Amino acid sequence: MCGVCGCGEGHSHSHDHDHEHPHDHHDHDHGAEHTHAPGLSPKRMVQIEQDILAKNNRYAAENRRYFGERGILALNLVSSPGSGKTTLLTETISRLKDELDIAVIEGDQQTARDAERIRATGVPALQINTGKGCHLDAHRVGHALETLQPKDRSLLFIENVGNLVCPSAFDLGEAHKVVILSVTEGEDKPIKYPDMFHAADLMILNKTDLLPYLDFDSEQCIQYAKQVNPRIKILPLSAKTGEGMDSWLRWLKAELELQRIDYA
Amino acid sequence: MHEMSLCESILQVLEQQATAQQYSKVKTVWLEIGALAGVEIEALRFSFDVVVQGSLADHARLEVIEVPGQAWCMPCGRNVVVQQLYDLCPYCGSHQLQVNGGDQMRIKELEVE
C-alpha cells in the first residue's frame, strides 16, 4: 500500500524540541558532556515519543481504510500450527463461495501448500512466505492486496503464521482477529498465551468431534479465555463433522453485512 | 515474542530521525515498555545489541523504563494494577477487567551526538 517499494518513506513525526533537560524518571550522567570541547560534537537529548510499532500501525491503518472503502470484511486468523485453520477455511469456503466473493492471504514460513489447498476450492489465494519471520505484518499484507485485488464487498481471510505469540502484536488492518484453538491442544492455552486471546474478538474451539477421546475440559477452557478477555465470543465447532459451522457462517455473514454499510 | 523485529523497528526509527534531528550517533535509547506489552526485556536487550551492530547505534546503551500494567475493574469502578492479562481484580476477584495502561512499547528519547 505504499506505491513503490523502497518503501514507506512514511511520515515520521519529528519533534522539534530536542533539548537537554532534567528528567525525574531516570538519570543519566551528562555532567561531562556539558563542557563542550571545541570540535567535538556534543551529546544531546532528543525526544522521540514514538510507538515502536508505529510504522506497522500506519500500514495497518492504510489497509483498514482500503477495506472500509470497499466494504471488505478482513479477518486475521491466528492459532498454533496444526489447529485446523486451513481445513476450517476450505470447509467455510466450500459452503459460502456460491453466495459470496472470497479471497485468502496465506502466511507461512515456507511452502505454498496452504494457498494451493485454498485455490483447489476455486477462490483466489496468495501465499506470503515470511521466511524466518514469525508473523505477517501490515506492510506485506498491503502489498498482497495489490496483487490479490479482492473484490468489493467480499470476504478476505488472512491466515496468519501458525504461532500463538508474535502475531498478536501486529495489527494488519483486519476487522477482527479470530483465534482458533483445537481441543487437542489443552484447555490452558488461553492463559499460557494470554496476549493472543486478549487480542482476539472471536475464539473458535475446533475439532470438537475429538472431545469423546480426550480429557479436554471445554468449560474450563472457555472460562480461561474469558478471564483473559471478558469480551471474547466463543464458538465450538468441528470443521470435519460440520457441528457448529452454521453459527460460524452466520457470524461471518453478519460481520460482512456490518462492513458493507456505506458510511458517509 | 518477536523481539528481533521490534529491535529492527527501533533501528528504523533511529535511522529515520537521524536526518530530521541531525545526529550521527545514538549513545542511549530510552524505551518505555508496559508489563502487558508481551515484550521479554532480556530478549529485547539481546536482540538490540545484535541488530544495532554496525549501525549509527552501535554500542548504544538501552535503558528500559518498565511501566506496570493497569486495568479498569468494572465491578469496583476503579483502576487496579495487574501483572498479567489473566489476573483477577486484586480487590473483588472479578475478571471483568479492561486493560487501560501498561501495554505500550514506545521509544521515549535518545541521547545522541
# chains A, B, ... in the order shown; residues from 1 in each chain; ligands from 1
call {"tool": "select_by_dssp", "arguments": {"residues": "stretch 33-142 of chain A", "states": "strand (DSSP E)", "output": "list of chain:residue names"}}
result
A:Arg44, A:Met45, A:Val46, A:Gln47, A:Ile48, A:Glu49, A:Gln50, A:Asp51, A:Leu73, A:Ala74, A:Leu75, A:Asn76, A:Leu77, A:Val78, A:Ser79, A:Ile102, A:Ala103, A:Val104, A:Ile105, A:Glu106, A:Gly107, A:Asp108, A:Ala125, A:Leu126, A:Gln127, A:Ile128, A:Asn129
call {"tool": "closest_atom_pairs", "arguments": {"of": "chain A", "to": "chain B", "cutoff": "7 Å", "atoms": "only C-alpha atoms", "output": "Markdown table"}}
result
| residue | atom | partner | partner_atom | distance |
| --- | --- | --- | --- | --- |
| A:Ser14 | CA | B:Ala20 | CA | 6.5 |
| A:Ser41 | CA | B:Glu113 | CA | 5.9 |
| A:Pro42 | CA | B:Glu113 | CA | 5.7 |
| A:Lys43 | CA | B:Glu113 | CA | 4.4 |
| A:Arg44 | CA | B:Val112 | CA | 5.4 |
| A:Met45 | CA | B:Glu111 | CA | 4.5 |
| A:Val46 | CA | B:Leu110 | CA | 5.0 |
| A:Gln47 | CA | B:Glu109 | CA | 4.3 |
| A:Ile48 | CA | B:Glu109 | CA | 4.9 |
| A:Glu49 | CA | B:Lys108 | CA | 4.5 |
| A:Gln50 | CA | B:Ile107 | CA | 5.2 |
| A:Asp51 | CA | B:Arg106 | CA | 4.2 |
| A:Ile52 | CA | B:Arg106 | CA | 5.2 |
| A:Leu53 | CA | B:Ser9 | CA | 6.9 |
| A:Val165 | CA | B:Met1 | CA | 6.0 |
| A:Cys166 | CA | B:Met1 | CA | 5.3 |
| A:Ile191 | CA | B:Tyr86 | CA | 6.3 |
| A:Pro194 | CA | B:Leu85 | CA | 6.1 |
| A:Asp195 | CA | B:Gly38 | CA | 6.7 |
| A:Gln227 | CA | B:His95 | CA | 5.2 |
| A:Val228 | CA | B:Tyr86 | CA | 4.3 |
| A:Pro230 | CA | B:Gln96 | CA | 5.8 |
call {"tool": "closest_residue", "arguments": {"among": "A:Thr147, A:Thr121, A:Ser168, A:Thr130", "to": "A:Asp98", "atoms": "only C-alpha atoms"}}
result
A:Thr121
call {"tool": "residues_around", "arguments": {"residues": "stretch 178-185 of chain A", "least_positions_apart": "3", "cutoff": "9 Å", "atoms": "only C-alpha atoms", "output": "PyMOL selection string"}}
result
chain A and resi 75-80+82-85+164+188-190+196-197+199-208+210-211+214+216-218
call {"tool": "residues_around", "arguments": {"residues": "A:Ser247", "least_positions_apart": "4", "cutoff": "9 Å", "atoms": "only C-alpha atoms", "output": "list in words"}}
result
Leu235, Leu237, Trp251 and Leu252 of chain A
call {"tool": "write_last_selection", "arguments": {"atoms": "all heavy atoms", "output": "PDB file, in the first residue's frame"}}
result
ATOM      1  N   LEU A 235     -17.086 -19.905  19.823  1.00  0.00           N
ATOM      2  CA  LEU A 235     -17.896 -20.827  19.023  1.00  0.00           C
ATOM      3  C   LEU A 235     -17.226 -22.194  18.996  1.00  0.00           C
ATOM      4  O   LEU A 235     -16.173 -22.358  18.404  1.00  0.00           O
ATOM      5  CB  LEU A 235     -17.995 -20.327  17.572  1.00  0.00           C
ATOM      6  CG  LEU A 235     -18.892 -19.136  17.252  1.00  0.00           C
ATOM      7  CD1 LEU A 235     -18.776 -18.782  15.782  1.00  0.00           C
ATOM      8  CD2 LEU A 235     -20.340 -19.481  17.596  1.00  0.00           C
ATOM      9  N   LEU A 237     -16.807 -25.828  17.498  1.00  0.00           N
ATOM     10  CA  LEU A 237     -17.052 -26.184  16.098  1.00  0.00           C
ATOM     11  C   LEU A 237     -16.213 -27.401  15.699  1.00  0.00           C
ATOM     12  O   LEU A 237     -15.136 -27.628  16.262  1.00  0.00           O
ATOM     13  CB  LEU A 237     -16.665 -24.947  15.301  1.00  0.00           C
ATOM     14  CG  LEU A 237     -16.725 -24.808  13.809  1.00  0.00           C
ATOM     15  CD1 LEU A 237     -16.871 -23.339  13.466  1.00  0.00           C
ATOM     16  CD2 LEU A 237     -15.481 -25.346  13.159  1.00  0.00           C
ATOM     17  N   TRP A 251     -22.185 -15.803  11.777  1.00  0.00           N
ATOM     18  CA  TRP A 251     -21.315 -14.733  12.314  1.00  0.00           C
ATOM     19  C   TRP A 251     -20.603 -14.021  11.158  1.00  0.00           C
ATOM     20  O   TRP A 251     -20.563 -12.794  11.100  1.00  0.00           O
ATOM     21  CB  TRP A 251     -20.295 -15.339  13.289  1.00  0.00           C
ATOM     22  CG  TRP A 251     -19.445 -14.308  13.982  1.00  0.00           C
ATOM     23  CD1 TRP A 251     -19.746 -13.622  15.122  1.00  0.00           C
ATOM     24  CD2 TRP A 251     -18.147 -13.837  13.572  1.00  0.00           C
ATOM     25  NE1 TRP A 251     -18.724 -12.757  15.444  1.00  0.00           N
ATOM     26  CE2 TRP A 251     -17.730 -12.869  14.520  1.00  0.00           C
ATOM     27  CE3 TRP A 251     -17.292 -14.134  12.506  1.00  0.00           C
ATOM     28  CZ2 TRP A 251     -16.505 -12.192  14.431  1.00  0.00           C
ATOM     29  CZ3 TRP A 251     -16.079 -13.463  12.410  1.00  0.00           C
ATOM     30  CH2 TRP A 251     -15.696 -12.506  13.360  1.00  0.00           C
ATOM     31  N   LEU A 252     -20.075 -14.805  10.238  1.00  0.00           N
ATOM     32  CA  LEU A 252     -19.353 -14.219   9.097  1.00  0.00           C
ATOM     33  C   LEU A 252     -20.256 -13.299   8.281  1.00  0.00           C
ATOM     34  O   LEU A 252     -19.881 -12.182   7.934  1.00  0.00           O
ATOM     35  CB  LEU A 252     -18.814 -15.324   8.176  1.00  0.00           C
ATOM     36  CG  LEU A 252     -17.617 -16.116   8.690  1.00  0.00           C
ATOM     37  CD1 LEU A 252     -17.348 -17.311   7.768  1.00  0.00           C
ATOM     38  CD2 LEU A 252     -16.381 -15.226   8.772  1.00  0.00           C
TER      39      LEU A 252
END
call {"tool": "select_by_dssp", "arguments": {"residues": "chain B", "states": "helix (DSSP H, G or I)", "output": "PDB file with N, CA and C atoms, in the first residue's frame"}}
result
ATOM      1  N   GLU B   3      11.061 -10.145  19.526  1.00  0.00           N
ATOM      2  CA  GLU B   3      11.899  -9.030  19.989  1.00  0.00           C
ATOM      3  C   GLU B   3      12.854  -8.549  18.893  1.00  0.00           C
ATOM      4  N   MET B   4      13.276  -9.503  18.050  1.00  0.00           N
ATOM      5  CA  MET B   4      14.189  -9.125  16.977  1.00  0.00           C
ATOM      6  C   MET B   4      13.528  -8.129  16.027  1.00  0.00           C
ATOM      7  N   SER B   5      12.286  -8.385  15.649  1.00  0.00           N
ATOM      8  CA  SER B   5      11.664  -7.440  14.714  1.00  0.00           C
ATOM      9  C   SER B   5      11.326  -6.120  15.407  1.00  0.00           C
ATOM     10  N   LEU B   6      11.066  -6.167  16.711  1.00  0.00           N
ATOM     11  CA  LEU B   6      10.862  -4.899  17.422  1.00  0.00           C
ATOM     12  C   LEU B   6      12.138  -4.068  17.358  1.00  0.00           C
ATOM     13  N   CYS B   7      13.276  -4.746  17.534  1.00  0.00           N
ATOM     14  CA  CYS B   7      14.549  -4.015  17.505  1.00  0.00           C
ATOM     15  C   CYS B   7      14.818  -3.464  16.107  1.00  0.00           C
ATOM     16  N   GLU B   8      14.428  -4.211  15.108  1.00  0.00           N
ATOM     17  CA  GLU B   8      14.592  -3.696  13.744  1.00  0.00           C
ATOM     18  C   GLU B   8      13.735  -2.444  13.555  1.00  0.00           C
ATOM     19  N   SER B   9      12.528  -2.462  14.118  1.00  0.00           N
ATOM     20  CA  SER B   9      11.676  -1.269  14.039  1.00  0.00           C
ATOM     21  C   SER B   9      12.304  -0.097  14.783  1.00  0.00           C
ATOM     22  N   ILE B  10      12.892  -0.384  15.931  1.00  0.00           N
ATOM     23  CA  ILE B  10      13.533   0.684  16.707  1.00  0.00           C
ATOM     24  C   ILE B  10      14.664   1.298  15.873  1.00  0.00           C
ATOM     25  N   LEU B  11      15.480   0.414  15.271  1.00  0.00           N
ATOM     26  CA  LEU B  11      16.604   0.912  14.474  1.00  0.00           C
ATOM     27  C   LEU B  11      16.107   1.766  13.298  1.00  0.00           C
ATOM     28  N   GLN B  12      15.017   1.342  12.689  1.00  0.00           N
ATOM     29  CA  GLN B  12      14.461   2.140  11.578  1.00  0.00           C
ATOM     30  C   GLN B  12      14.081   3.535  12.035  1.00  0.00           C
ATOM     31  N   VAL B  13      13.475   3.612  13.224  1.00  0.00           N
ATOM     32  CA  VAL B  13      13.094   4.929  13.747  1.00  0.00           C
ATOM     33  C   VAL B  13      14.347   5.764  14.007  1.00  0.00           C
ATOM     34  N   LEU B  14      15.365   5.135  14.570  1.00  0.00           N
ATOM     35  CA  LEU B  14      16.608   5.869  14.863  1.00  0.00           C
ATOM     36  C   LEU B  14      17.217   6.405  13.571  1.00  0.00           C
ATOM     37  N   GLU B  15      17.205   5.578  12.533  1.00  0.00           N
ATOM     38  CA  GLU B  15      17.800   5.995  11.259  1.00  0.00           C
ATOM     39  C   GLU B  15      16.977   7.103  10.604  1.00  0.00           C
ATOM     40  N   GLN B  16      15.661   6.943  10.688  1.00  0.00           N
ATOM     41  CA  GLN B  16      14.769   7.950  10.106  1.00  0.00           C
ATOM     42  C   GLN B  16      14.942   9.303  10.775  1.00  0.00           C
ATOM     43  N   GLN B  17      15.057   9.262  12.098  1.00  0.00           N
ATOM     44  CA  GLN B  17      15.139  10.502  12.863  1.00  0.00           C
ATOM     45  C   GLN B  17      16.497  11.182  12.729  1.00  0.00           C
ATOM     46  N   ALA B  18      17.508  10.417  12.311  1.00  0.00           N
ATOM     47  CA  ALA B  18      18.866  10.957  12.268  1.00  0.00           C
ATOM     48  C   ALA B  18      18.943  12.193  11.381  1.00  0.00           C
ATOM     49  N   THR B  19      18.263  12.175  10.262  1.00  0.00           N
ATOM     50  CA  THR B  19      18.298  13.314   9.352  1.00  0.00           C
ATOM     51  C   THR B  19      17.494  14.466   9.940  1.00  0.00           C
ATOM     52  N   ALA B  20      16.283  14.162  10.348  1.00  0.00           N
ATOM     53  CA  ALA B  20      15.399  15.210  10.875  1.00  0.00           C
ATOM     54  C   ALA B  20      16.014  15.899  12.088  1.00  0.00           C
ATOM     55  N   ILE B  41      12.010  -8.431  28.214  1.00  0.00           N
ATOM     56  CA  ILE B  41      13.025  -7.374  28.186  1.00  0.00           C
ATOM     57  C   ILE B  41      14.436  -7.918  27.991  1.00  0.00           C
ATOM     58  N   GLU B  42      14.728  -9.059  28.601  1.00  0.00           N
ATOM     59  CA  GLU B  42      16.071  -9.628  28.410  1.00  0.00           C
ATOM     60  C   GLU B  42      16.300  -9.984  26.947  1.00  0.00           C
ATOM     61  N   ALA B  43      15.282 -10.550  26.306  1.00  0.00           N
ATOM     62  CA  ALA B  43      15.401 -10.911  24.888  1.00  0.00           C
ATOM     63  C   ALA B  43      15.537  -9.650  24.043  1.00  0.00           C
ATOM     64  N   LEU B  44      14.862  -8.591  24.483  1.00  0.00           N
ATOM     65  CA  LEU B  44      14.928  -7.327  23.758  1.00  0.00           C
ATOM     66  C   LEU B  44      16.351  -6.767  23.815  1.00  0.00           C
ATOM     67  N   ARG B  45      16.953  -6.817  24.997  1.00  0.00           N
ATOM     68  CA  ARG B  45      18.325  -6.313  25.152  1.00  0.00           C
ATOM     69  C   ARG B  45      19.285  -7.098  24.266  1.00  0.00           C
ATOM     70  N   PHE B  46      19.112  -8.409  24.291  1.00  0.00           N
ATOM     71  CA  PHE B  46      19.996  -9.270  23.496  1.00  0.00           C
ATOM     72  C   PHE B  46      19.849  -8.931  22.015  1.00  0.00           C
ATOM     73  N   SER B  47      18.586  -8.835  21.553  1.00  0.00           N
ATOM     74  CA  SER B  47      18.353  -8.563  20.137  1.00  0.00           C
ATOM     75  C   SER B  47      18.846  -7.168  19.756  1.00  0.00           C
ATOM     76  N   PHE B  48      18.670  -6.233  20.667  1.00  0.00           N
ATOM     77  CA  PHE B  48      19.064  -4.855  20.373  1.00  0.00           C
ATOM     78  C   PHE B  48      20.554  -4.799  20.048  1.00  0.00           C
ATOM     79  N   ASP B  49      21.363  -5.412  20.911  1.00  0.00           N
ATOM     80  CA  ASP B  49      22.810  -5.380  20.683  1.00  0.00           C
ATOM     81  C   ASP B  49      23.163  -5.982  19.332  1.00  0.00           C
ATOM     82  N   VAL B  50      22.468  -7.048  18.969  1.00  0.00           N
ATOM     83  CA  VAL B  50      22.755  -7.709  17.694  1.00  0.00           C
ATOM     84  C   VAL B  50      22.315  -6.834  16.521  1.00  0.00           C
ATOM     85  N   VAL B  51      21.105  -6.300  16.624  1.00  0.00           N
ATOM     86  CA  VAL B  51      20.524  -5.565  15.495  1.00  0.00           C
ATOM     87  C   VAL B  51      21.270  -4.258  15.207  1.00  0.00           C
TER      88      VAL B  51
END
call {"tool": "residues_around", "arguments": {"residues": "A:Ala103", "least_positions_apart": "4", "cutoff": "9 Å", "atoms": "only C-alpha atoms", "output": "JSON, numbers by chain"}}
result
{"A": [123, 124, 125, 126, 148, 149, 150, 151, 154, 155, 156, 157, 158]}
call {"tool": "closest_residue", "arguments": {"among": "A:Gly173, A:Pro236, A:Gly131, A:Pro81", "to": "A:Asn57", "atoms": "only C-alpha atoms"}}
result
A:Gly173
call {"tool": "closest_residue", "arguments": {"among": "A:Glu159, A:Glu255, A:Asp101, A:Glu243", "to": "A:Thr86", "atoms": "only C-alpha atoms"}}
result
A:Glu159
call {"tool": "decode", "arguments": {"residues": "stretch 51-80 of chain A", "atoms": "N, CA, C and O atoms", "output": "short mmCIF file (atom, residue, chain, number, x, y, z; two decimals), in the first residue's frame"}}
result
data_model
loop_
_atom_site.label_atom_id
_atom_site.label_comp_id
_atom_site.auth_asym_id
_atom_site.auth_seq_id
_atom_site.Cartn_x
_atom_site.Cartn_y
_atom_site.Cartn_z
N ASP A 51 5.77 5.20 19.09
CA ASP A 51 5.43 3.81 19.31
C ASP A 51 6.37 2.95 18.47
O ASP A 51 6.62 3.27 17.31
N ILE A 52 6.89 1.89 19.07
CA ILE A 52 7.83 1.04 18.32
C ILE A 52 7.13 0.43 17.11
O ILE A 52 7.73 0.22 16.07
N LEU A 53 5.86 0.16 17.26
CA LEU A 53 5.12 -0.45 16.15
C LEU A 53 4.42 0.60 15.28
O LEU A 53 3.54 0.26 14.49
N ALA A 54 4.82 1.86 15.43
CA ALA A 54 4.13 2.94 14.72
C ALA A 54 4.08 2.70 13.21
O ALA A 54 3.07 2.95 12.56
N LYS A 55 5.19 2.19 12.68
CA LYS A 55 5.24 2.02 11.24
C LYS A 55 4.24 0.95 10.81
O LYS A 55 3.45 1.16 9.88
N ASN A 56 4.26 -0.18 11.52
CA ASN A 56 3.28 -1.22 11.20
C ASN A 56 1.85 -0.69 11.35
O ASN A 56 0.98 -0.96 10.53
N ASN A 57 1.65 0.09 12.41
CA ASN A 57 0.30 0.60 12.66
C ASN A 57 -0.16 1.57 11.57
O ASN A 57 -1.35 1.64 11.26
N ARG A 58 0.79 2.30 10.97
CA ARG A 58 0.40 3.19 9.87
C ARG A 58 -0.04 2.38 8.66
O ARG A 58 -1.03 2.69 8.01
N TYR A 59 0.72 1.32 8.36
CA TYR A 59 0.31 0.46 7.24
C TYR A 59 -1.02 -0.22 7.52
O TYR A 59 -1.86 -0.38 6.63
N ALA A 60 -1.20 -0.60 8.78
CA ALA A 60 -2.46 -1.25 9.16
C ALA A 60 -3.63 -0.29 8.96
O ALA A 60 -4.69 -0.67 8.47
N ALA A 61 -3.40 0.98 9.30
CA ALA A 61 -4.47 1.98 9.14
C ALA A 61 -4.80 2.15 7.65
O ALA A 61 -5.96 2.29 7.28
N GLU A 62 -3.75 2.10 6.82
CA GLU A 62 -3.96 2.18 5.36
C GLU A 62 -4.80 1.00 4.88
O GLU A 62 -5.74 1.16 4.11
N ASN A 63 -4.44 -0.20 5.36
CA ASN A 63 -5.18 -1.40 4.96
C ASN A 63 -6.64 -1.29 5.42
O ASN A 63 -7.56 -1.63 4.67
N ARG A 64 -6.81 -0.80 6.65
CA ARG A 64 -8.16 -0.71 7.20
C ARG A 64 -9.00 0.26 6.38
O ARG A 64 -10.18 0.04 6.13
N ARG A 65 -8.37 1.33 5.92
CA ARG A 65 -9.09 2.30 5.09
C ARG A 65 -9.48 1.66 3.75
O ARG A 65 -10.60 1.80 3.27
N TYR A 66 -8.53 0.90 3.20
CA TYR A 66 -8.76 0.18 1.95
C TYR A 66 -9.98 -0.75 2.09
O TYR A 66 -10.89 -0.74 1.27
N PHE A 67 -10.01 -1.51 3.20
CA PHE A 67 -11.13 -2.43 3.41
C PHE A 67 -12.43 -1.65 3.61
O PHE A 67 -13.48 -2.02 3.08
N GLY A 68 -12.34 -0.58 4.38
CA GLY A 68 -13.52 0.22 4.69
C GLY A 68 -14.16 0.79 3.44
O GLY A 68 -15.37 0.75 3.27
N GLU A 69 -13.30 1.33 2.56
CA GLU A 69 -13.82 1.96 1.35
C GLU A 69 -14.47 0.96 0.41
O GLU A 69 -15.30 1.31 -0.42
N ARG A 70 -14.05 -0.28 0.51
CA ARG A 70 -14.55 -1.29 -0.43
C ARG A 70 -15.57 -2.24 0.19
O ARG A 70 -15.99 -3.19 -0.46
N GLY A 71 -15.88 -2.02 1.45
CA GLY A 71 -16.84 -2.90 2.11
C GLY A 71 -16.35 -4.34 2.24
O GLY A 71 -17.12 -5.29 2.18
N ILE A 72 -15.02 -4.47 2.41
CA ILE A 72 -14.45 -5.82 2.52
C ILE A 72 -14.32 -6.17 4.00
O ILE A 72 -13.86 -5.36 4.81
N LEU A 73 -14.76 -7.38 4.34
CA LEU A 73 -14.55 -7.86 5.71
C LEU A 73 -13.24 -8.64 5.74
O LEU A 73 -13.13 -9.70 5.12
N ALA A 74 -12.24 -8.09 6.44
CA ALA A 74 -10.95 -8.78 6.55
C ALA A 74 -10.82 -9.39 7.94
O ALA A 74 -11.02 -8.71 8.94
N LEU A 75 -10.52 -10.67 7.98
CA LEU A 75 -10.35 -11.37 9.26
C LEU A 75 -8.95 -11.93 9.34
O LEU A 75 -8.44 -12.52 8.38
N ASN A 76 -8.33 -11.76 10.48
CA ASN A 76 -6.98 -12.24 10.71
C ASN A 76 -7.08 -13.51 11.54
O ASN A 76 -7.44 -13.47 12.71
N LEU A 77 -6.83 -14.65 10.91
CA LEU A 77 -6.98 -15.93 11.60
C LEU A 77 -5.65 -16.35 12.22
O LEU A 77 -4.66 -16.49 11.52
N VAL A 78 -5.69 -16.53 13.53
CA VAL A 78 -4.45 -16.85 14.25
C VAL A 78 -4.65 -18.11 15.08
O VAL A 78 -5.75 -18.39 15.55
N SER A 79 -3.57 -18.86 15.25
CA SER A 79 -3.63 -20.09 16.05
C SER A 79 -2.24 -20.69 16.14
O SER A 79 -1.31 -20.18 15.54
N SER A 80 -2.13 -21.79 16.89
CA SER A 80 -0.88 -22.54 16.84
C SER A 80 -0.85 -23.32 15.54
O SER A 80 -1.89 -23.47 14.89
#
